[in-house]
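Peer 1: Hey, dropping data_6.csv in here, CSV, C-alpha atoms:
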```
chain,number,residue,atom,x,y,z
A,1,MET,CA,-23.2,-27.3,23.5
A,2,PRO,CA,-21.4,-26.8,20.2
A,3,GLU,CA,-23.9,-24.3,18.9
A,4,ILE,CA,-23.5,-20.6,19.7
A,5,LYS,CA,-26.2,-18.2,18.6
A,6,LEU,CA,-24.7,-14.9,17.6
A,7,ASN,CA,-27.7,-13.0,19.0
A,8,THR,CA,-27.0,-14.3,22.5
A,9,ILE,CA,-23.5,-12.8,22.5
A,10,ASN,CA,-23.0,-9.4,24.3
A,11,PRO,CA,-21.8,-6.8,21.8
A,12,ILE,CA,-18.7,-4.8,22.7
A,13,GLU,CA,-17.8,-1.4,21.2
A,14,LEU,CA,-14.2,-2.0,20.0
A,15,SER,CA,-13.7,1.5,18.7
A,16,PRO,CA,-16.2,4.2,17.6
A,17,GLY,CA,-18.5,2.7,15.0
A,18,TYR,CA,-17.1,-0.9,15.4
A,19,THR,CA,-19.4,-3.2,17.4
A,20,ALA,CA,-18.1,-6.7,17.9
A,21,ARG,CA,-19.5,-10.1,18.9
A,22,PHE,CA,-16.7,-12.6,19.6
A,23,VAL,CA,-16.6,-16.4,19.5
A,24,HIS,CA,-13.3,-17.8,20.9
A,25,THR,CA,-12.6,-21.5,20.2
A,26,GLU,CA,-9.5,-23.4,21.2
A,27,HIS,CA,-7.3,-22.1,18.4
A,28,MET,CA,-9.4,-19.3,16.7
A,29,THR,CA,-11.2,-16.1,17.4
A,30,PHE,CA,-14.2,-15.1,15.2
A,31,SER,CA,-15.1,-11.4,15.4
A,32,PHE,CA,-18.6,-10.5,13.9
A,33,LEU,CA,-18.6,-6.8,13.5
A,34,ASP,CA,-21.3,-4.2,12.7
A,35,VAL,CA,-19.5,-1.2,11.3
A,36,LYS,CA,-21.0,2.2,10.7
A,37,ALA,CA,-20.2,3.9,7.3
A,38,GLY,CA,-17.2,6.2,7.6
A,39,SER,CA,-15.7,4.5,10.7
A,40,ALA,CA,-12.0,4.0,10.5
A,41,SER,CA,-9.7,1.6,12.4
A,42,ALA,CA,-6.1,2.9,13.0
A,43,GLU,CA,-3.1,1.0,11.4
A,44,HIS,CA,-2.0,-1.9,13.6
A,45,SER,CA,-0.6,-5.4,13.4
A,46,HIS,CA,-0.7,-8.5,15.5
A,47,PRO,CA,1.0,-11.9,15.5
A,48,GLN,CA,-2.3,-13.7,14.6
A,49,GLU,CA,-3.0,-14.5,11.0
A,50,GLN,CA,-6.3,-12.8,10.0
A,51,VAL,CA,-8.9,-13.5,7.3
A,52,ALA,CA,-11.7,-10.9,6.6
A,53,MET,CA,-14.9,-11.2,4.7
A,54,LEU,CA,-18.1,-9.2,4.4
A,55,THR,CA,-21.7,-10.4,4.4
A,56,GLU,CA,-23.1,-6.9,3.8
A,57,GLY,CA,-21.7,-3.6,2.6
A,58,GLU,CA,-18.4,-2.4,1.3
A,59,PHE,CA,-15.2,-2.1,3.3
A,60,GLU,CA,-11.6,-0.9,2.6
A,61,LEU,CA,-8.6,-2.5,4.1
A,62,THR,CA,-5.2,-0.9,3.6
A,63,ILE,CA,-2.5,-3.5,3.9
A,64,GLU,CA,1.1,-2.4,4.0
A,65,GLY,CA,0.0,0.9,2.3
A,66,THR,CA,-2.1,-0.7,-0.5
A,67,PRO,CA,-5.9,-0.2,-0.3
A,68,VAL,CA,-8.2,-3.1,-1.2
A,69,ARG,CA,-11.9,-2.2,-1.4
A,70,PHE,CA,-14.1,-5.3,-1.2
A,71,GLY,CA,-17.6,-6.6,-0.7
A,72,PRO,CA,-19.4,-9.9,-0.2
A,73,GLY,CA,-17.9,-12.7,-2.2
A,74,SER,CA,-14.3,-11.8,-1.5
A,75,VAL,CA,-11.9,-13.1,1.1
A,76,ILE,CA,-9.0,-11.0,2.3
A,77,VAL,CA,-5.9,-12.6,3.9
A,78,ILE,CA,-3.7,-10.6,6.2
A,79,PRO,CA,-0.5,-12.6,7.2
A,80,SER,CA,0.9,-12.5,10.7
A,81,ASN,CA,2.4,-9.2,11.8
A,82,VAL,CA,1.4,-7.3,8.6
A,83,ARG,CA,0.3,-3.7,9.2
A,84,HIS,CA,-3.2,-2.8,8.2
A,85,SER,CA,-6.0,-0.3,8.8
A,86,GLY,CA,-9.7,-0.3,7.9
A,87,LEU,CA,-12.4,2.1,6.7
A,88,ALA,CA,-16.1,1.3,6.2
A,89,ILE,CA,-17.3,2.7,2.9
A,90,THR,CA,-20.9,1.8,3.8
A,91,ASP,CA,-22.6,0.3,6.9
A,92,CYS,CA,-21.1,-3.2,6.9
A,93,LYS,CA,-21.3,-6.6,8.4
A,94,LEU,CA,-17.7,-7.8,8.6
A,95,MET,CA,-16.3,-11.1,9.9
A,96,ASP,CA,-12.7,-11.4,10.9
A,97,VAL,CA,-11.2,-14.8,11.7
A,98,PHE,CA,-7.9,-15.0,13.7
A,99,THR,CA,-5.6,-17.8,14.6
A,100,PRO,CA,-4.3,-18.3,17.3
A,101,VAL,CA,-6.9,-16.8,19.7
A,102,ARG,CA,-7.0,-13.0,20.2
A,103,GLU,CA,-6.4,-13.1,24.0
A,104,ASP,CA,-6.7,-9.3,24.0
A,105,PHE,CA,-10.3,-9.6,22.7
A,106,ARG,CA,-11.0,-12.4,25.1
A,107,ALA,CA,-9.9,-10.2,27.9
A,108,LEU,CA,-12.4,-7.5,26.7
A,109,SER,CA,-15.3,-10.0,26.9
A,110,LYS,CA,-14.5,-10.6,30.5
A,111,LYS,CA,-14.6,-7.0,31.6
B,1,MET,CA,-2.7,-9.9,-3.8
B,2,PRO,CA,-4.5,-10.4,-0.5
B,3,GLU,CA,-8.0,-10.4,-2.1
B,4,ILE,CA,-9.4,-13.7,-3.3
B,5,LYS,CA,-12.7,-13.6,-5.2
B,6,LEU,CA,-14.7,-16.7,-4.5
B,7,ASN,CA,-16.2,-16.8,-8.0
B,8,THR,CA,-12.6,-17.2,-9.4
B,9,ILE,CA,-12.0,-20.5,-7.5
B,10,ASN,CA,-12.6,-23.8,-9.3
B,11,PRO,CA,-15.3,-25.7,-7.6
B,12,ILE,CA,-14.6,-29.3,-6.5
B,13,GLU,CA,-17.3,-32.0,-5.9
B,14,LEU,CA,-16.2,-33.3,-2.5
B,15,SER,CA,-19.0,-35.9,-2.3
B,16,PRO,CA,-22.4,-36.2,-4.0
B,17,GLY,CA,-24.2,-32.9,-3.5
B,18,TYR,CA,-21.3,-31.1,-1.8
B,19,THR,CA,-19.5,-28.6,-4.1
B,20,ALA,CA,-16.6,-26.8,-2.4
B,21,ARG,CA,-14.4,-23.8,-3.1
B,22,PHE,CA,-11.3,-23.7,-0.9
B,23,VAL,CA,-9.1,-20.9,0.3
B,24,HIS,CA,-5.9,-22.1,2.1
B,25,THR,CA,-3.9,-19.6,4.1
B,26,GLU,CA,-0.8,-20.2,6.1
B,27,HIS,CA,-2.7,-21.7,9.1
B,28,MET,CA,-6.3,-22.1,8.0
B,29,THR,CA,-8.5,-23.7,5.4
B,30,PHE,CA,-11.8,-22.0,4.4
B,31,SER,CA,-14.3,-24.3,2.6
B,32,PHE,CA,-17.2,-22.6,1.0
B,33,LEU,CA,-19.8,-25.2,0.2
B,34,ASP,CA,-22.9,-25.4,-1.9
B,35,VAL,CA,-24.9,-28.3,-0.6
B,36,LYS,CA,-28.0,-29.9,-2.2
B,37,ALA,CA,-31.0,-30.6,0.1
B,38,GLY,CA,-30.9,-34.2,1.4
B,39,SER,CA,-27.1,-34.7,0.8
B,40,ALA,CA,-25.4,-36.4,3.6
B,41,SER,CA,-21.7,-36.6,4.6
B,42,ALA,CA,-20.5,-39.7,6.4
B,43,GLU,CA,-19.3,-39.7,10.0
B,44,HIS,CA,-15.6,-38.8,10.1
B,45,SER,CA,-13.1,-36.9,12.3
B,46,HIS,CA,-9.8,-35.0,11.7
B,47,PRO,CA,-7.1,-33.4,13.8
B,48,GLN,CA,-8.1,-29.9,12.7
B,49,GLU,CA,-10.4,-27.9,14.8
B,50,GLN,CA,-13.5,-27.0,12.7
B,51,VAL,CA,-16.0,-24.1,12.9
B,52,ALA,CA,-19.2,-24.3,10.7
B,53,MET,CA,-21.7,-21.6,9.8
B,54,LEU,CA,-24.4,-21.1,7.2
B,55,THR,CA,-25.2,-18.1,5.1
B,56,GLU,CA,-28.3,-19.7,3.5
B,57,GLY,CA,-30.5,-22.7,4.3
B,58,GLU,CA,-30.7,-25.2,7.1
B,59,PHE,CA,-28.1,-27.9,7.9
B,60,GLU,CA,-27.9,-30.7,10.6
B,61,LEU,CA,-24.5,-31.7,12.1
B,62,THR,CA,-24.5,-34.7,14.3
B,63,ILE,CA,-21.6,-34.4,16.7
B,64,GLU,CA,-20.7,-37.5,18.8
B,65,GLY,CA,-24.2,-38.8,18.2
B,66,THR,CA,-26.0,-35.5,19.1
B,67,PRO,CA,-27.8,-33.8,16.2
B,68,VAL,CA,-27.7,-30.0,16.0
B,69,ARG,CA,-29.9,-28.4,13.4
B,70,PHE,CA,-28.9,-24.8,12.6
B,71,GLY,CA,-29.2,-21.9,10.2
B,72,PRO,CA,-27.7,-18.5,9.6
B,73,GLY,CA,-26.8,-16.7,12.8
B,74,SER,CA,-25.3,-19.7,14.5
B,75,VAL,CA,-21.7,-20.9,14.8
B,76,ILE,CA,-21.0,-24.6,15.4
B,77,VAL,CA,-17.6,-25.6,17.0
B,78,ILE,CA,-16.3,-29.1,16.4
B,79,PRO,CA,-13.1,-29.7,18.4
B,80,SER,CA,-10.1,-31.6,17.1
B,81,ASN,CA,-10.7,-35.3,16.5
B,82,VAL,CA,-14.4,-35.3,17.4
B,83,ARG,CA,-16.6,-37.5,15.2
B,84,HIS,CA,-19.3,-35.8,13.2
B,85,SER,CA,-21.5,-36.2,10.1
B,86,GLY,CA,-23.7,-33.8,8.2
B,87,LEU,CA,-27.1,-33.6,6.4
B,88,ALA,CA,-28.5,-30.7,4.4
B,89,ILE,CA,-32.1,-30.1,5.4
B,90,THR,CA,-32.5,-27.6,2.5
B,91,ASP,CA,-30.2,-26.4,-0.2
B,92,CYS,CA,-27.4,-24.6,1.8
B,93,LYS,CA,-24.5,-22.3,1.6
B,94,LEU,CA,-22.1,-23.6,4.3
B,95,MET,CA,-18.7,-22.3,5.4
B,96,ASP,CA,-16.3,-24.5,7.3
B,97,VAL,CA,-13.1,-23.0,8.8
B,98,PHE,CA,-10.3,-25.4,9.8
B,99,THR,CA,-7.0,-24.9,11.6
B,100,PRO,CA,-4.4,-26.0,10.8
B,101,VAL,CA,-4.7,-26.3,7.0
B,102,ARG,CA,-6.6,-29.3,5.5
B,103,GLU,CA,-3.7,-30.6,3.5
B,104,ASP,CA,-6.0,-33.4,2.2
B,105,PHE,CA,-8.3,-30.7,0.7
B,106,ARG,CA,-5.3,-28.7,-0.7
B,107,ALA,CA,-4.1,-31.9,-2.4
B,108,LEU,CA,-7.6,-32.2,-4.1
B,109,SER,CA,-7.2,-28.7,-5.5
B,110,LYS,CA,-4.0,-29.7,-7.2
B,111,LYS,CA,-5.4,-32.7,-9.0
```
Could you take the file, read its structure, and then write that structure out as structure tokens?
Peer 2:
Amino acid sequence: MPEIKLNTINPIELSPGYTARFVHTEHMTFSFLDVKAGSASAEHSHPQEQVAMLTEGEFELTIEGTPVRFGPGSVIVIPSNVRHSGLAITDCKLMDVFTPVREDFRALSKK
Amino acid sequence: MPEIKLNTINPIELSPGYTARFVHTEHMTFSFLDVKAGSASAEHSHPQEQVAMLTEGEFELTIEGTPVRFGPGSVIVIPSNVRHSGLAITDCKLMDVFTPVREDFRALSKK
């Protein structure tokens, strides 16, 4: 079936305060995250292009050293291999879209 | 700048009742659509993989002849080259994500 209901996906704690539900398609990974206010993700990079957006709350991405604080109505584009870190300013609902698939996240779902 | 505010993007009428704001990245196209209740999109297909989701309203996608009616909280995956059509059951806010880029949509933005 082409329809996936997010509330049927097992949540995975990616790091403290970051709870993810993943949808992997042929070429993309969608990560639907509930993030607790104050929770930080360490600086990292990956070959996948990433696009981030929020449906609730306020989040700060620091991309190559430049902080961008954003909320619903904005789209943040992180090119391939660009270093970035994150910080939840408030409790957030964040969606990250990656292409190609995050095989590291797919492997987590199978544990 | 990596931040794109959706309210700064010029809307384009894709077809009657379908108003789109596009974000094109290196490998993906994001189409943020306002759709009026009762508006239909004709059956079509494209080589891009497509993922659809709603933030408001109810929409029906018919994928290879099978209708799927969905709302917020669902993710619909349309593989490459699979025929599909759409119908807004109510006024909707729909997001479609494509990979690779929809160069046909990018060309519309440049008109």
Peer 1: How would chain A read as a compact mmCIF listing (two decimals) with C-alpha atoms, in the frame of the given file after a least-squares superposition onto chain B over every Cα atom, matched in order?
Peer 2:
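Result file out.txt:
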```txt
# COMPACT_ATOMS: atom_id res chain seq x y z
CA MET A 1 -2.69 -9.90 -3.77
CA PRO A 2 -4.51 -10.39 -0.48
CA GLU A 3 -7.93 -10.44 -2.07
CA ILE A 4 -9.39 -13.70 -3.38
CA LYS A 5 -12.69 -13.61 -5.21
CA LEU A 6 -14.69 -16.70 -4.45
CA ASN A 7 -16.10 -16.77 -8.00
CA THR A 8 -12.63 -17.21 -9.46
CA ILE A 9 -12.04 -20.40 -7.47
CA ASN A 10 -12.59 -23.78 -9.30
CA PRO A 11 -15.34 -25.74 -7.55
CA ILE A 12 -14.60 -29.33 -6.58
CA GLU A 13 -17.26 -32.00 -5.94
CA LEU A 14 -16.22 -33.32 -2.48
CA SER A 15 -18.97 -35.89 -2.28
CA PRO A 16 -22.37 -36.15 -4.05
CA GLY A 17 -24.25 -32.91 -3.48
CA TYR A 18 -21.27 -31.13 -1.75
CA THR A 19 -19.49 -28.61 -4.01
CA ALA A 20 -16.54 -26.87 -2.44
CA ARG A 21 -14.44 -23.76 -3.09
CA PHE A 22 -11.31 -23.72 -0.91
CA VAL A 23 -9.10 -20.88 0.32
CA HIS A 24 -5.92 -22.16 2.07
CA THR A 25 -3.94 -19.58 4.08
CA GLU A 26 -0.83 -20.25 6.10
CA HIS A 27 -2.61 -21.73 9.11
CA MET A 28 -6.31 -22.12 7.98
CA THR A 29 -8.46 -23.68 5.36
CA PHE A 30 -11.83 -22.04 4.46
CA SER A 31 -14.25 -24.37 2.64
CA PHE A 32 -17.28 -22.56 0.96
CA LEU A 33 -19.74 -25.24 0.16
CA ASP A 34 -22.95 -25.39 -1.92
CA VAL A 35 -24.93 -28.32 -0.60
CA LYS A 36 -27.97 -29.83 -2.22
CA ALA A 37 -30.99 -30.61 0.11
CA GLY A 38 -30.88 -34.20 1.32
CA SER A 39 -27.10 -34.69 0.79
CA ALA A 40 -25.40 -36.43 3.62
CA SER A 41 -21.71 -36.51 4.64
CA ALA A 42 -20.55 -39.79 6.36
CA GLU A 43 -19.27 -39.66 10.04
CA HIS A 44 -15.59 -38.74 10.17
CA SER A 45 -13.08 -36.86 12.27
CA HIS A 46 -9.84 -35.06 11.70
CA PRO A 47 -7.13 -33.49 13.85
CA GLN A 48 -8.08 -29.93 12.68
CA GLU A 49 -10.39 -27.88 14.81
CA GLN A 50 -13.46 -26.94 12.71
CA VAL A 51 -16.01 -24.11 12.90
CA ALA A 52 -19.20 -24.23 10.69
CA MET A 53 -21.68 -21.57 9.82
CA LEU A 54 -24.40 -21.11 7.24
CA THR A 55 -25.21 -18.09 5.09
CA GLU A 56 -28.27 -19.74 3.52
CA GLY A 57 -30.45 -22.71 4.34
CA GLU A 58 -30.67 -25.19 7.14
CA PHE A 59 -28.13 -27.87 7.94
CA GLU A 60 -27.81 -30.70 10.54
CA LEU A 61 -24.57 -31.68 12.08
CA THR A 62 -24.43 -34.75 14.30
CA ILE A 63 -21.56 -34.46 16.72
CA GLU A 64 -20.63 -37.44 18.82
CA GLY A 65 -24.21 -38.80 18.24
CA THR A 66 -26.08 -35.55 19.11
CA PRO A 67 -27.83 -33.75 16.21
CA VAL A 68 -27.71 -29.95 16.05
CA ARG A 69 -29.93 -28.39 13.36
CA PHE A 70 -28.89 -24.81 12.60
CA GLY A 71 -29.25 -21.91 10.22
CA PRO A 72 -27.72 -18.50 9.59
CA GLY A 73 -26.82 -16.69 12.76
CA SER A 74 -25.36 -19.69 14.52
CA VAL A 75 -21.79 -20.87 14.83
CA ILE A 76 -20.98 -24.51 15.43
CA VAL A 77 -17.63 -25.58 16.97
CA ILE A 78 -16.29 -29.05 16.40
CA PRO A 79 -13.08 -29.70 18.52
CA SER A 80 -10.14 -31.60 17.13
CA ASN A 81 -10.69 -35.30 16.49
CA VAL A 82 -14.44 -35.23 17.38
CA ARG A 83 -16.60 -37.48 15.19
CA HIS A 84 -19.29 -35.81 13.18
CA SER A 85 -21.52 -36.22 10.13
CA GLY A 86 -23.70 -33.79 8.17
CA LEU A 87 -27.07 -33.67 6.41
CA ALA A 88 -28.50 -30.75 4.41
CA ILE A 89 -32.11 -30.15 5.37
CA THR A 90 -32.47 -27.61 2.55
CA ASP A 91 -30.15 -26.37 -0.26
CA CYS A 92 -27.47 -24.60 1.78
CA LYS A 93 -24.51 -22.34 1.62
CA LEU A 94 -22.16 -23.61 4.32
CA MET A 95 -18.73 -22.31 5.37
CA ASP A 96 -16.35 -24.49 7.29
CA VAL A 97 -13.17 -23.03 8.77
CA PHE A 98 -10.28 -25.40 9.78
CA THR A 99 -7.05 -24.89 11.57
CA PRO A 100 -4.34 -26.05 10.82
CA VAL A 101 -4.66 -26.34 7.00
CA ARG A 102 -6.59 -29.30 5.51
CA GLU A 103 -3.65 -30.67 3.44
CA ASP A 104 -6.01 -33.36 2.14
CA PHE A 105 -8.25 -30.64 0.60
CA ARG A 106 -5.23 -28.80 -0.67
CA ALA A 107 -4.13 -31.92 -2.40
CA LEU A 108 -7.60 -32.14 -4.11
CA SER A 109 -7.21 -28.60 -5.53
CA LYS A 110 -4.03 -29.65 -7.19
CA LYS A 111 -5.43 -32.63 -9.02
```
Peer 1: Quick one, how far is CA of Leu108 in chain B from CA of Ser31 in chain A?
Peer 2: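 Rounded to one decimal, the two atoms are 29.5 Å apart.
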Peer 1: In Å, rounded to a single decimal, give me how far CA of Glu26 in chain B is from CA of Ser45 in chain B.
Peer 2: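 According to the coordinates, CA of Ser45 in chain B and CA of Glu26 in chain B are separated by 21.6 Å.
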Peer 1: Which residues are close to Ala52 in chain A, i.e. within 10 Å by all atoms listed in the file, leaving aside same-chain residues fewer than 6 positions away? Reply as a list in words.
Peer 2: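 Those residues are Phe30, Ser31, Leu61, Phe70, Ser74, Val75, Ile76, Val77, Ile78, Leu94, Met95, Asp96, Val97 and Phe98 of chain A; Glu3 of chain B.
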Peer 1: Hey, can you spit out that residue selection with C-alpha atoms as a PDB file, in the frame of the given file?
Peer 2:
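So again_32.pdb came out as:
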```pdb
ATOM      1  CA  PHE A  30     -14.200 -15.100  15.200  1.00  0.00           C
ATOM      2  CA  SER A  31     -15.100 -11.400  15.400  1.00  0.00           C
ATOM      3  CA  LEU A  61      -8.600  -2.500   4.100  1.00  0.00           C
ATOM      4  CA  PHE A  70     -14.100  -5.300  -1.200  1.00  0.00           C
ATOM      5  CA  SER A  74     -14.300 -11.800  -1.500  1.00  0.00           C
ATOM      6  CA  VAL A  75     -11.900 -13.100   1.100  1.00  0.00           C
ATOM      7  CA  ILE A  76      -9.000 -11.000   2.300  1.00  0.00           C
ATOM      8  CA  VAL A  77      -5.900 -12.600   3.900  1.00  0.00           C
ATOM      9  CA  ILE A  78      -3.700 -10.600   6.200  1.00  0.00           C
ATOM     10  CA  LEU A  94     -17.700  -7.800   8.600  1.00  0.00           C
ATOM     11  CA  MET A  95     -16.300 -11.100   9.900  1.00  0.00           C
ATOM     12  CA  ASP A  96     -12.700 -11.400  10.900  1.00  0.00           C
ATOM     13  CA  VAL A  97     -11.200 -14.800  11.700  1.00  0.00           C
ATOM     14  CA  PHE A  98      -7.900 -15.000  13.700  1.00  0.00           C
TER      15      PHE A  98
ATOM     16  CA  GLU B   3      -8.000 -10.400  -2.100  1.00  0.00           C
TER      17      GLU B   3
END
```
Peer 1: Give me, please, the distance in Å between CA of Glu60 in chain A and CA of Leu87 in chain A, quoted to one decimal.
Peer 2: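 Separation of CA of Glu60 in chain A and CA of Leu87 in chain A: 5.1 Å.
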Peer 1: Report the closest atom pair, with its distance in Å rounded to one decimal, for each residue of chain A that has an atom no farther than 12 Å from chain B; count all atoms listed in the file, sort by chain and then rising residue number, and write it as JSON lines.
Peer 2:
```
{"residue": "A:Met1", "atom": "CA", "partner": "B:Val77", "partner_atom": "CA", "distance": 8.7}
{"residue": "A:Pro2", "atom": "CA", "partner": "B:Val77", "partner_atom": "CA", "distance": 5.1}
{"residue": "A:Glu3", "atom": "CA", "partner": "B:Ile76", "partner_atom": "CA", "distance": 4.6}
{"residue": "A:Ile4", "atom": "CA", "partner": "B:Val75", "partner_atom": "CA", "distance": 5.2}
{"residue": "A:Lys5", "atom": "CA", "partner": "B:Ser74", "partner_atom": "CA", "distance": 4.5}
{"residue": "A:Leu6", "atom": "CA", "partner": "B:Gly73", "partner_atom": "CA", "distance": 5.5}
{"residue": "A:Asn7", "atom": "CA", "partner": "B:Gly73", "partner_atom": "CA", "distance": 7.3}
{"residue": "A:Thr8", "atom": "CA", "partner": "B:Ser74", "partner_atom": "CA", "distance": 9.8}
{"residue": "A:Ile9", "atom": "CA", "partner": "B:Ser74", "partner_atom": "CA", "distance": 10.7}
{"residue": "A:Arg21", "atom": "CA", "partner": "B:Gly73", "partner_atom": "CA", "distance": 11.6}
{"residue": "A:Phe22", "atom": "CA", "partner": "B:Val75", "partner_atom": "CA", "distance": 10.8}
{"residue": "A:Val23", "atom": "CA", "partner": "B:Val75", "partner_atom": "CA", "distance": 8.3}
{"residue": "A:His24", "atom": "CA", "partner": "B:Val77", "partner_atom": "CA", "distance": 9.7}
{"residue": "A:Thr25", "atom": "CA", "partner": "B:Val77", "partner_atom": "CA", "distance": 7.2}
{"residue": "A:Glu26", "atom": "CA", "partner": "B:Pro79", "partner_atom": "CA", "distance": 7.8}
{"residue": "A:His27", "atom": "CA", "partner": "B:Thr99", "partner_atom": "CA", "distance": 7.4}
{"residue": "A:Met28", "atom": "CA", "partner": "B:Thr99", "partner_atom": "CA", "distance": 7.9}
{"residue": "A:Thr29", "atom": "CA", "partner": "B:Val51", "partner_atom": "CA", "distance": 10.4}
{"residue": "A:Phe30", "atom": "CA", "partner": "B:Val51", "partner_atom": "CA", "distance": 9.5}
{"residue": "A:Ser31", "atom": "CA", "partner": "B:Val75", "partner_atom": "CA", "distance": 11.6}
{"residue": "A:Phe32", "atom": "CA", "partner": "B:Gly73", "partner_atom": "CA", "distance": 10.3}
{"residue": "A:Gln48", "atom": "CA", "partner": "B:His27", "partner_atom": "CA", "distance": 9.7}
{"residue": "A:Glu49", "atom": "CA", "partner": "B:His27", "partner_atom": "CA", "distance": 7.5}
{"residue": "A:Gln50", "atom": "CA", "partner": "B:Thr25", "partner_atom": "CA", "distance": 9.3}
{"residue": "A:Val51", "atom": "CA", "partner": "B:Thr25", "partner_atom": "CA", "distance": 8.5}
{"residue": "A:Ala52", "atom": "CA", "partner": "B:Glu3", "partner_atom": "CA", "distance": 9.5}
{"residue": "A:Met53", "atom": "CA", "partner": "B:Glu3", "partner_atom": "CA", "distance": 9.7}
{"residue": "A:Leu54", "atom": "CA", "partner": "B:Thr55", "partner_atom": "CA", "distance": 11.4}
{"residue": "A:Thr55", "atom": "CA", "partner": "B:Thr55", "partner_atom": "CA", "distance": 8.5}
{"residue": "A:Glu56", "atom": "CA", "partner": "B:Thr55", "partner_atom": "CA", "distance": 11.5}
{"residue": "A:Glu60", "atom": "CA", "partner": "B:Glu3", "partner_atom": "CA", "distance": 11.2}
{"residue": "A:Leu61", "atom": "CA", "partner": "B:Pro2", "partner_atom": "CA", "distance": 10.0}
{"residue": "A:Thr62", "atom": "CA", "partner": "B:Pro2", "partner_atom": "CA", "distance": 10.4}
{"residue": "A:Ile63", "atom": "CA", "partner": "B:Pro2", "partner_atom": "CA", "distance": 8.4}
{"residue": "A:Glu64", "atom": "CA", "partner": "B:Pro2", "partner_atom": "CA", "distance": 10.8}
{"residue": "A:Thr66", "atom": "CA", "partner": "B:Met1", "partner_atom": "CA", "distance": 9.8}
{"residue": "A:Pro67", "atom": "CA", "partner": "B:Pro2", "partner_atom": "CA", "distance": 10.3}
{"residue": "A:Val68", "atom": "CA", "partner": "B:Glu3", "partner_atom": "CA", "distance": 7.4}
{"residue": "A:Arg69", "atom": "CA", "partner": "B:Glu3", "partner_atom": "CA", "distance": 9.1}
{"residue": "A:Phe70", "atom": "CA", "partner": "B:Glu3", "partner_atom": "CA", "distance": 8.0}
{"residue": "A:Gly71", "atom": "CA", "partner": "B:Lys5", "partner_atom": "CA", "distance": 9.7}
{"residue": "A:Pro72", "atom": "CA", "partner": "B:Lys5", "partner_atom": "CA", "distance": 9.1}
{"residue": "A:Gly73", "atom": "CA", "partner": "B:Leu6", "partner_atom": "CA", "distance": 5.6}
{"residue": "A:Ser74", "atom": "CA", "partner": "B:Lys5", "partner_atom": "CA", "distance": 4.4}
{"residue": "A:Val75", "atom": "CA", "partner": "B:Ile4", "partner_atom": "CA", "distance": 5.1}
{"residue": "A:Ile76", "atom": "CA", "partner": "B:Glu3", "partner_atom": "CA", "distance": 4.6}
{"residue": "A:Val77", "atom": "CA", "partner": "B:Pro2", "partner_atom": "CA", "distance": 5.1}
{"residue": "A:Ile78", "atom": "CA", "partner": "B:Pro2", "partner_atom": "CA", "distance": 6.8}
{"residue": "A:Pro79", "atom": "CA", "partner": "B:Glu26", "partner_atom": "CA", "distance": 7.7}
{"residue": "A:Ser80", "atom": "CA", "partner": "B:Glu26", "partner_atom": "CA", "distance": 9.1}
{"residue": "A:Val82", "atom": "CA", "partner": "B:Pro2", "partner_atom": "CA", "distance": 11.3}
{"residue": "A:His84", "atom": "CA", "partner": "B:Pro2", "partner_atom": "CA", "distance": 11.6}
{"residue": "A:Met95", "atom": "CA", "partner": "B:Met53", "partner_atom": "CA", "distance": 11.8}
{"residue": "A:Asp96", "atom": "CA", "partner": "B:Val97", "partner_atom": "CA", "distance": 11.8}
{"residue": "A:Val97", "atom": "CA", "partner": "B:Val97", "partner_atom": "CA", "distance": 8.9}
{"residue": "A:Phe98", "atom": "CA", "partner": "B:Met28", "partner_atom": "CA", "distance": 9.2}
{"residue": "A:Thr99", "atom": "CA", "partner": "B:His27", "partner_atom": "CA", "distance": 7.3}
{"residue": "A:Pro100", "atom": "CA", "partner": "B:His27", "partner_atom": "CA", "distance": 9.0}
{"residue": "A:Val101", "atom": "CA", "partner": "B:Thr99", "partner_atom": "CA", "distance": 11.5}
```
Peer 1: Name the residues in contact with Glu43 in chain A at a cut-off of 8 Å, using all atoms listed in the file, excluding same-chain residues fewer than 6 positions from it; report them as a PyMOL selection string.
Peer 2: chain A and resi 83-86
Peer 1: Between B:Lys93, B:His44, B:Ala88, B:Glu58, which has the minimum distance to Pro16 in chain B (counting only C-alpha atoms)?
Peer 2: B:Ala88
Peer 1: Closest to Ser41 in chain A among A:Asn10, A:Gly65, A:Ala107, A:Ser15, using all atoms listed in the file?
Peer 2: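 Among the listed residues, A:Ser15 lies closest to Ser41 in chain A.
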Peer 1: Nearest residue to Gly38 in chain A out of A:Ala20, A:Ile89, A:Glu13, A:Asn81, using all atoms listed in the file?
Peer 2: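 When distances to Gly38 in chain A are compared using all atoms listed in the file, the smallest one comes from A:Ile89.
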Peer 1: Looking at A:Ser109, A:Glu103, A:Leu33, A:Thr19, which one is nearest to Pro47 in chain A, with distances taken over only C-alpha atoms?
Peer 2: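 Distance minimum relative to Pro47 in chain A lands on A:Glu103.
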Peer 1: Could you extract range 46-50 of chain B of the given structure into a file holding N, CA and C atoms, as a PDB file, in the first residue's frame?
Peer 2:
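Result saved to result_18.pdb:
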```pdb
ATOM      1  N   HIS B  46       5.514  10.489 -14.125  1.00  0.00           N
ATOM      2  CA  HIS B  46       6.796  11.167 -14.352  1.00  0.00           C
ATOM      3  C   HIS B  46       7.901  10.264 -13.806  1.00  0.00           C
ATOM      4  N   PRO B  47       9.103  10.445 -14.318  1.00  0.00           N
ATOM      5  CA  PRO B  47      10.196   9.575 -13.854  1.00  0.00           C
ATOM      6  C   PRO B  47      10.590   9.823 -12.398  1.00  0.00           C
ATOM      7  N   GLN B  48      10.268  11.003 -11.865  1.00  0.00           N
ATOM      8  CA  GLN B  48      10.644  11.295 -10.476  1.00  0.00           C
ATOM      9  C   GLN B  48       9.833  10.452  -9.485  1.00  0.00           C
ATOM     10  N   GLU B  49      10.495   9.948  -8.467  1.00  0.00           N
ATOM     11  CA  GLU B  49       9.778   9.411  -7.312  1.00  0.00           C
ATOM     12  C   GLU B  49       9.060  10.584  -6.617  1.00  0.00           C
ATOM     13  N   GLN B  50       7.868  10.331  -6.076  1.00  0.00           N
ATOM     14  CA  GLN B  50       7.080  11.399  -5.425  1.00  0.00           C
ATOM     15  C   GLN B  50       6.579  10.928  -4.070  1.00  0.00           C
TER      16      GLN B  50
END
```
